[in-house]
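A.B. asks: Have a look at this one.
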Amino acid sequence: MPRLLQAMALLGMLLAAQAVSAQTLRIAGDAWAPYSDVSLLNGGLSTDLIRTALGRAGYTAEYEQVPWARAIHGVSEGRYDVLINAWHSEDRTRIGQFSGPYLLNRLCFLKRKSTDIEYQSLAQLHPYSIAVVRSYAYSPAFDNDAELKKVPVASFSTAVRMLAAGRVDLAVEDEYAARFALSREPDEVRKNVEFVHNSLSENSLHILVSLKNPDHEKIVADFDNAIAAMKADGSYDKLFKLHGL
């Protein structure tokens, strides 16, 4: 009898393991090169890191690239299980659970070369219009400063083109993402803008797992453990090199 019970327990464990390995997560995000873009190698650095970590944790990830606002709404409704490339904000804790940080972004302002705008404090920027991408969270201080003249736009490409054309005074974006995007803009855009000295902030990147998924706590724990293991065995750094970062 004890052997039968042991066999049944082992079978139960195997079935549970198969159920976990078979679980498919619907992950979503917007095009934000070089971190996420279906046209890039393995969908970009973030997408590659997240898929690899989830795969090592026993999940299958199906990625859908959609506008950012749609991705956020989809996670809130449970249509998507995971939002990639999420900066932490209190509002988002109402729709999902954040993982630990898996990447770090350096947020920078851009200005036209013909202007002499400097940045030491947010108060210095109150006279200027700043293009921001809708639904993005930048930093608590920036997001909550009601005196900043923020102009919502659909994408950084729109923001930097408005900047070059003189329709706004500043744009803000992650440094690597901005450099990547600028390399693909027309000369009249690329040659007329530059980074402002001093960064706005350094923001950690997380995945946000929908609270509608009953396993959200486990998914976050599994992801965090997998990222830690990847850092320990060197596969994390290898992915950075693979993507040229």
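For the structure tokens, the naming scheme is as follows: chains receive sequential letters (A, B, ...) according to their order of presentation, residues are indexed from 1 within each chain, and ligands are indexed from 1 in presentation order.
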Hey, what's within 10 Å of Ser121 (chain A) if we count only C-alpha atoms and toss same-chain stuff fewer than 3 positions away? As a VMD selection string, please?

C.D. replies: chain A and resid 118 124 to 126 198 200

A.B. asks: Please identify every residue of region 33-75 of chain A that has at least one atom no farther than 12 Å from an atom of region 104-109 of chain A, counting only C-alpha atoms, and for each give the shortest atom pair and the distance in Å to one decimal, arranged by chain then increasing number, as a Markdown table.

C.D. replies:
```
| residue | atom | partner | partner_atom | distance |
| --- | --- | --- | --- | --- |
| A:Pro34 | CA | A:Asn105 | CA | 11.8 |
| A:Tyr35 | CA | A:Asn105 | CA | 10.4 |
| A:Ser46 | CA | A:Leu104 | CA | 10.8 |
```

A.B. asks: Please provide the set of residues having any atom within 12 Å of Ser157 (chain A), restricted to only C-alpha atoms, with same-chain residues fewer than 2 positions apart removed, written as a ChimeraX atom specification.

C.D. replies: /A:31-33,131-133,153-155,159-164,171-173,177-186,189-190

A.B. asks: Which distance in Å separates CA of Ser201 (chain A) and CA of Thr158 (chain A), to one decimal?

C.D. replies: 21.9 Å

A.B. asks: When DSSP is applied to the backbone of this structure, which of region 16-189 of chain A are assigned strand (DSSP E or B)? Write them out as a PyMOL selection string.

C.D. replies: chain A and resi 24-29+32+36+60-65+82-87+96-98+103-112+129-133+149-153+170-174

A.B. asks: Could you take the residues named above and write them with N, CA and C atoms, as a tab-separated table (two decimals), in the first residue's frame?

C.D. replies:
```tsv
chain	number	residue	atom	x	y	z
A	24	THR	N	0.02	28.56	-20.99
A	24	THR	CA	0.38	29.59	-21.96
A	24	THR	C	-0.03	30.95	-21.44
A	25	LEU	N	0.90	31.89	-21.46
A	25	LEU	CA	0.64	33.25	-21.01
A	25	LEU	C	0.56	34.18	-22.21
A	26	ARG	N	-0.47	35.01	-22.22
A	26	ARG	CA	-0.63	35.99	-23.28
A	26	ARG	C	0.07	37.27	-22.84
A	27	ILE	N	1.17	37.60	-23.47
A	27	ILE	CA	1.94	38.79	-23.08
A	27	ILE	C	1.78	39.86	-24.16
A	28	ALA	N	1.77	41.11	-23.73
A	28	ALA	CA	1.52	42.21	-24.66
A	28	ALA	C	2.39	43.41	-24.34
A	29	GLY	N	2.64	44.20	-25.35
A	29	GLY	CA	3.38	45.45	-25.20
A	29	GLY	C	3.34	46.20	-26.51
A	32	TRP	N	8.67	49.35	-28.94
A	32	TRP	CA	9.56	50.24	-28.21
A	32	TRP	C	10.99	49.74	-28.38
A	36	SER	N	11.47	46.21	-27.41
A	36	SER	CA	10.41	45.35	-27.94
A	36	SER	C	9.97	45.84	-29.30
A	60	THR	N	4.75	28.93	-21.52
A	60	THR	CA	4.83	29.29	-22.92
A	60	THR	C	4.26	30.70	-23.06
A	61	ALA	N	4.96	31.56	-23.79
A	61	ALA	CA	4.53	32.96	-23.92
A	61	ALA	C	4.14	33.25	-25.35
A	62	GLU	N	2.93	33.76	-25.53
A	62	GLU	CA	2.46	34.21	-26.84
A	62	GLU	C	2.40	35.74	-26.81
A	63	TYR	N	3.24	36.36	-27.62
A	63	TYR	CA	3.37	37.82	-27.58
A	63	TYR	C	2.50	38.48	-28.64
A	64	GLU	N	1.83	39.57	-28.24
A	64	GLU	CA	1.05	40.38	-29.17
A	64	GLU	C	1.49	41.83	-29.03
A	65	GLN	N	1.90	42.42	-30.15
A	65	GLN	CA	2.32	43.83	-30.15
A	65	GLN	C	1.13	44.70	-30.49
A	82	VAL	N	0.19	39.29	-19.16
A	82	VAL	CA	1.44	39.98	-18.80
A	82	VAL	C	1.65	41.20	-19.68
A	83	LEU	N	1.96	42.31	-19.05
A	83	LEU	CA	2.39	43.53	-19.74
A	83	LEU	C	3.90	43.62	-19.62
A	84	ILE	N	4.57	43.77	-20.75
A	84	ILE	CA	6.03	43.89	-20.70
A	84	ILE	C	6.42	45.36	-20.64
A	85	ASN	N	7.69	45.60	-20.26
A	85	ASN	CA	8.25	46.97	-20.26
A	85	ASN	C	7.44	47.95	-19.42
A	86	ALA	N	7.05	47.54	-18.22
A	86	ALA	CA	6.22	48.40	-17.37
A	86	ALA	C	7.08	49.11	-16.33
A	87	TRP	N	6.99	50.44	-16.32
A	87	TRP	CA	7.57	51.20	-15.21
A	87	TRP	C	6.58	51.19	-14.05
A	96	GLY	N	-2.61	45.02	-11.77
A	96	GLY	CA	-1.65	43.94	-11.90
A	96	GLY	C	-0.62	43.92	-10.79
A	97	GLN	N	0.14	42.85	-10.74
A	97	GLN	CA	1.22	42.71	-9.76
A	97	GLN	C	2.55	42.85	-10.49
A	98	PHE	N	3.41	43.73	-9.98
A	98	PHE	CA	4.71	43.96	-10.59
A	98	PHE	C	5.70	42.87	-10.19
A	103	LEU	N	15.34	45.19	-15.81
A	103	LEU	CA	16.15	46.09	-16.62
A	103	LEU	C	16.11	47.48	-15.99
A	104	LEU	N	17.04	48.34	-16.41
A	104	LEU	CA	17.07	49.71	-15.91
A	104	LEU	C	17.11	50.67	-17.09
A	105	ASN	N	16.22	51.67	-17.06
A	105	ASN	CA	16.17	52.70	-18.10
A	105	ASN	C	16.67	54.03	-17.56
A	106	ARG	N	17.38	54.77	-18.41
A	106	ARG	CA	17.80	56.14	-18.09
A	106	ARG	C	16.96	57.08	-18.94
A	107	LEU	N	16.07	57.82	-18.29
A	107	LEU	CA	15.16	58.73	-19.00
A	107	LEU	C	15.82	60.09	-19.22
A	108	CYS	N	15.74	60.56	-20.45
A	108	CYS	CA	16.39	61.82	-20.81
A	108	CYS	C	15.43	62.74	-21.55
A	109	PHE	N	15.68	64.05	-21.43
A	109	PHE	CA	14.95	65.03	-22.23
A	109	PHE	C	15.72	65.30	-23.52
A	110	LEU	N	14.99	65.64	-24.56
A	110	LEU	CA	15.58	66.09	-25.82
A	110	LEU	C	15.03	67.46	-26.14
A	111	LYS	N	15.87	68.29	-26.78
A	111	LYS	CA	15.48	69.64	-27.16
A	111	LYS	C	15.98	69.92	-28.57
A	112	ARG	N	15.52	71.01	-29.15
A	112	ARG	CA	16.08	71.44	-30.42
A	112	ARG	C	17.47	72.03	-30.18
A	129	SER	N	6.70	73.36	-23.16
A	129	SER	CA	5.79	72.26	-23.51
A	129	SER	C	6.62	70.99	-23.73
A	130	ILE	N	6.12	69.87	-23.21
A	130	ILE	CA	6.87	68.60	-23.24
A	130	ILE	C	5.98	67.51	-23.83
A	131	ALA	N	6.42	66.91	-24.91
A	131	ALA	CA	5.67	65.81	-25.52
A	131	ALA	C	5.88	64.54	-24.70
A	132	VAL	N	4.78	63.90	-24.32
A	132	VAL	CA	4.83	62.64	-23.56
A	132	VAL	C	3.93	61.62	-24.24
A	133	VAL	N	4.31	60.36	-24.19
A	133	VAL	CA	3.50	59.31	-24.80
A	133	VAL	C	2.34	58.96	-23.88
A	149	LYS	N	3.80	71.45	-18.56
A	149	LYS	CA	2.91	71.52	-19.72
A	149	LYS	C	3.13	70.28	-20.60
A	150	LYS	N	2.43	69.21	-20.28
A	150	LYS	CA	2.59	67.93	-20.99
A	150	LYS	C	1.64	67.85	-22.18
A	151	VAL	N	2.19	67.44	-23.30
A	151	VAL	CA	1.40	67.31	-24.53
A	151	VAL	C	1.36	65.82	-24.89
A	152	PRO	N	0.22	65.15	-24.68
A	152	PRO	CA	0.13	63.70	-24.96
A	152	PRO	C	0.22	63.42	-26.46
A	153	VAL	N	1.03	62.41	-26.81
A	153	VAL	CA	1.16	61.99	-28.21
A	153	VAL	C	1.11	60.47	-28.26
A	170	LEU	N	10.19	70.24	-25.74
A	170	LEU	CA	10.97	69.11	-25.23
A	170	LEU	C	10.24	67.81	-25.54
A	171	ALA	N	11.01	66.74	-25.55
A	171	ALA	CA	10.46	65.38	-25.57
A	171	ALA	C	11.22	64.61	-24.51
A	172	VAL	N	10.67	63.50	-24.09
A	172	VAL	CA	11.33	62.70	-23.06
A	172	VAL	C	11.22	61.23	-23.44
A	173	GLU	N	12.34	60.50	-23.26
A	173	GLU	CA	12.36	59.09	-23.64
A	173	GLU	C	13.58	58.41	-23.02
A	174	ASP	N	13.51	57.11	-22.91
A	174	ASP	CA	14.67	56.32	-22.52
A	174	ASP	C	15.81	56.56	-23.50
```

A.B. asks: Restricting the calculation to only C-alpha atoms: of A:Ser99, A:Asn203, A:Asn144, A:Thr115, which residue gets closest to Glu217 (chain A)?

C.D. replies: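 Of all the options, A:Ser99 lies closest to Glu217 (chain A).
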
A.B. asks: Measure the distance from CA of Glu194 (chain A) to CA of Lys113 (chain A) in Å and round it to one decimal.

C.D. replies: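 Those two atoms sit 5.9 Å apart.
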
A.B. asks: Do a neighbour search on Ile72 (chain A) at 9 Å with only C-alpha atoms, toss out local chain neighbours closer than 4 positions, and write the hits as a list of chain:residue names.

C.D. replies: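 Listing them by chain and then by number gives A:Ala28, A:Gly29, A:Pro67, A:Trp68, A:Ser76, A:Glu77, A:Tyr80, A:Leu83, A:Arg92, A:Ile95, A:Ser135.
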
A.B. asks: Could those residues be written to a file, using C-alpha atoms, as an mmCIF file, in the first residue's frame?

C.D. replies:
```
data_model
loop_
_atom_site.group_PDB
_atom_site.id
_atom_site.type_symbol
_atom_site.label_atom_id
_atom_site.label_comp_id
_atom_site.auth_asym_id
_atom_site.auth_seq_id
_atom_site.Cartn_x
_atom_site.Cartn_y
_atom_site.Cartn_z
ATOM 1 C CA ALA A 28 1.519 42.208 -24.662
ATOM 2 C CA GLY A 29 3.379 45.449 -25.201
ATOM 3 C CA PRO A 67 -0.607 50.177 -28.927
ATOM 4 C CA TRP A 68 0.383 50.871 -25.323
ATOM 5 C CA SER A 76 -6.807 45.383 -16.692
ATOM 6 C CA GLU A 77 -9.540 43.253 -18.291
ATOM 7 C CA TYR A 80 -3.596 39.705 -21.544
ATOM 8 C CA LEU A 83 2.386 43.533 -19.740
ATOM 9 C CA ARG A 92 -1.005 50.065 -12.170
ATOM 10 C CA ILE A 95 -4.721 46.093 -12.288
ATOM 11 C CA SER A 135 -0.388 56.177 -20.722
#
```

A.B. asks: Kindly give the distance, in Å, that separates CA of Arg51 (chain A) and CA of Tyr138 (chain A), rounded to a single decimal.

C.D. replies: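 If I compute the distance from CA of Arg51 (chain A) to CA of Tyr138 (chain A), I get 24.5 Å.
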
A.B. asks: If you run DSSP on the backbone here, which positions in region 30-98 of chain A get alpha helix (DSSP H)? Please write them as a list in words.

C.D. replies: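 Those in region 30-98 of chain A that DSSP calls alpha helix (DSSP H) are Leu45, Ser46, Thr47, Asp48, Leu49, Ile50, Arg51, Thr52, Ala53, Leu54, Gly55, Arg56, Trp68, Ala69, Arg70, Ala71, Ile72, His73, Gly74, Val75, Ser76 and Glu77 of chain A.
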
A.B. asks: Kindly indicate which residue among A:Val196, A:His243, A:Ile207, A:Ser114 lies nearest to Ala165 (chain A), using only C-alpha atoms for the distances.

C.D. replies: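 The answer is A:Ser114, which sits nearest to Ala165 (chain A).
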